[in-house]
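Asker: Just dropping this structure here.
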Amino acid sequence: MVSSECVPYVKVGGLADVVGTLPKYLKKQGHDVRIILPKYRIIDGVKYNLKILPYRLTVKVGKEQESFRIKTCFLDDNIPVYFIENMRYFNRLGIYGDDSGIGYGDNRERYIFFSKAAIEAVKAIMFRPDVIHCHDWHTGLIPAYLKTTHADDGFFWNTSTIYTIHNISYQGSFEAPTTLPMAGFSWEDYKSDKLEFYNTFNFMKAGLAYADIISTVSPTYAKEIQGVAGNGMEVVLQTRKKDVFGILNGVDYSYWNPENDNNLIANYSASNVENKKLCKKYLQGKCDFAIDEKTFVIGCVSRFDEQKGFDLIIDAIKKIQHLNIQIVILGSGNTTIRDGLLYLKHLYPQKVSVWTNYNEPLSHQIYAGADAFLMPSKFEPCGLSQIISLAYGTIPIVNKTGGLADTISNFSKDNTSGNGVVFDLYKGEQFVDSIINAYNLYQNKLLWNKLMNNAFLSNYSWDKSIKQYENMYNTAVEKRTAYTIYQIQK
Ligand code: ADP
Ligand code: GLC
């Protein structure tokens, strides 16, 4: 796996959860999985006992030779993780940018370097993988390098590539005249069926054009991005339709478990839900809210990003002030969204609490202490937060899109099926109605308990998706073998 994020070392969003968890399940099936990451400054070398490997390697970025070292440790004691260390690119405070939410100006250079360095690292450690699994735009160039600059490199003749789209709205699109030479590709490869994308050089397009297999993180999103949600990539994806897999993410239930979660004031489970009330009290106290069991507490843990539906959330909060509710929001990112939310906190201090940082313990306390969880995303490739909230018996209120549509179904009062509250048109009124709907259900203890129970019983464990991953890896290996034979014959 080559990725820009991975728990527990570095996390901005769900990409990190996936890359830190999927390998554990593959390992359980007997596969030799290894992970390559950038060595960002926040990754604590002492805490993770990083050892330095005896190589001093270089790659060319533009005209410059950039040197790097590899540091290593084990995830879960048995999965090797390799960190690419280069002071210039990764020894900074942020991951993708600084606190203002603006990305670093040299991100294209950083991830060109990282992609090249990952390829050299694999060779240095003499690990010849069957599959290099690349995640998101940061690693989109790797499949392209393997089929162009490294086409004659025997080391990779039996290595296939998979490119996974975690979010099609981040593509890494840059002007071609400077990016192409910086990345070291030839103008021959700058064609519409290869690297070129509407007159730009696009990292994601490189991954989509050259990877043996393409995947994304839910079946519904896989369909959506071949149509209106494709962000320009729909045609590229349609032409590779047969190679596109949509596999739902799982969550790590050993970590996201209210029964043994030590971030909580009290532990609970589906069969012993009484202590959830203590978690709610604790959260109300922490937010300086009145402590009252009857108040409907709504939580939200999210990147502050337009994707997540904050325009609807900000509007809805004003419209539901007449209800006996309290809302607690934790997030970071876009500063306009942050300021909009802070203003609401200022207007309604008894009902709105906003926390504007990345805070792992508080996120657990919100998942546990809230009654319902807001996730009205405009689009959602998979979404993990709604699945986590199910595990904590906290009812997700979601828009029916992408992975949200694949994991949450609307509760029906008639036959008491469904594990959440779902609206299916991205509109303010629909969203407000669904909050009121959830609020009314909460007033009926019998129905609410049934709904909570349905949430607890929902299971999105990796065990379910792992077979589909193995099938995808096998398909990738077969495709690569066929490709190599074809090249040799040519
Ligand atoms: P995305 O990857 O688009 O951000 P997901 O729902 O897949 O959305 O994953 C989000 C993950 O990031 C969840 O594990 C969520 O708990 C976590 N998260 C998001 N924002 C914060 C924050 N401010 N503090 C702690 N955890 C956060
Ligand atoms: C992205 C998506 C999110 C998905 C996560 C992990 O950040 O926005 O929906 O769950 O990646 O695949």
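Following the order of the structure tokens, first chain is A, next is B, and so on, with residues numbered from 1 inside each chain and ligands from 1 in the order they appear.
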Taking only C-alpha atoms and all ligand atoms into account, which residues have an atom no farther than 6 Å from ligand 1? I'd like them as a PyMOL selection string.
Answerer: chain A and resi 13-15+301-303+330-332+357-360+363+383-385
Asker: Can you work out which residues are within 9 Å of ligand 2, considering only C-alpha atoms and all ligand atoms, and then hand them over as JSON, numbers by chain?
Answerer: {"A": [12, 13, 14, 15, 16, 17, 18, 19, 136, 164, 165, 166, 167, 168, 169, 216, 217, 218, 248, 249, 307, 308, 379, 380, 381, 382, 383, 384, 385, 402, 403, 404]}
Asker: Using only C-alpha atoms, determine which residues lie at most 12 Å from segment 27-32 of chain A, disregarding the query and same-chain residues fewer than 6 positions distant; provide the list as a PyMOL selection string.
Answerer: chain A and resi 1+20-21+75-81+127-132+462-463+466-467+469-470+473
Asker: For Ala476 of chain A, work out the shell of residues within 9 Å, counting only C-alpha atoms and skipping chain neighbours fewer than 2 positions away, then give it as a PyMOL selection string.
Answerer: chain A and resi 130-131+160-162+212-213+243+471-474+478-481
Asker: Restricting the calculation to only C-alpha atoms: of A:Gln430, A:Asn86, A:Asn202, A:Thr394, which residue gets closest to Ser269 of chain A?
Answerer: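 Distance minimum relative to Ser269 of chain A lands on A:Thr394.
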Asker: Counting only C-alpha atoms, which of A:Gln365, A:Thr220, A:Ser434, A:Gln321 gets nearest to Asp261 of chain A?
Answerer: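 Distance minimum relative to Asp261 of chain A lands on A:Gln365.
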Asker: I need the residue nearest Leu446 of chain A from this list: A:Thr336, A:Thr416, A:Ser192, A:Asn91. Use only C-alpha atoms for the distance.
Answerer: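 Once distances to Leu446 of chain A are computed over only C-alpha atoms, the minimum belongs to A:Thr416.
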Asker: Could you give me, as a count of residues only, the residues within 12 Å of His322 of chain A, counting only C-alpha atoms and dropping anything in the same chain fewer than 5 positions from it?
Answerer: 6
Asker: Run DSSP on the backbone and tell me which residues of segment 162-314 of chain A come out as strand (DSSP E or B); list them as a PyMOL selection string.
Answerer: chain A and resi 162-165+173-175+196-197+200-202+213-216+244-246+251+269+272+296-304
Asker: Grab the atom CA of Ala482 of chain A to atom CA of Ala117 of chain A distance for me, in Å with one decimal place.
Answerer: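 Atom CA of Ala117 of chain A lies at a distance of 27.3 Å from atom CA of Ala482 of chain A.
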Asker: Please measure the separation of atom CA of Pro219 of chain A and atom CA of Ala118 of chain A, giving the value in Å to one decimal.
Answerer: 29.3 Å
Asker: Near Gln326 of chain A, within 12 Å and counting only C-alpha atoms, which residues show up once chain neighbours fewer than 5 positions away are dropped, as a PyMOL selection string?
Answerer: chain A and resi 280-281+283-285+287-300+317+320-321+345+348-354+366+369-373+439
Asker: Have a look at A:Ser115, A:Glu274, A:Phe431, A:Gly333 and name the one nearest to Ile314 of chain A; count only C-alpha atoms.
Answerer: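 For Ile314 of chain A, the nearest of the candidates is A:Phe431.
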Asker: From the set A:Glu66, A:Ile225, A:Leu146, A:Asn399, which residue has the shortest atom-to-atom contact distance to Asn158 of chain A, counting only C-alpha atoms?
Answerer: A:Leu146
Asker: Tell me which of A:Asn272, A:Thr179, A:Thr139, A:Thr239 sits closest to Ala206 of chain A, counting only C-alpha atoms.
Answerer: A:Thr139
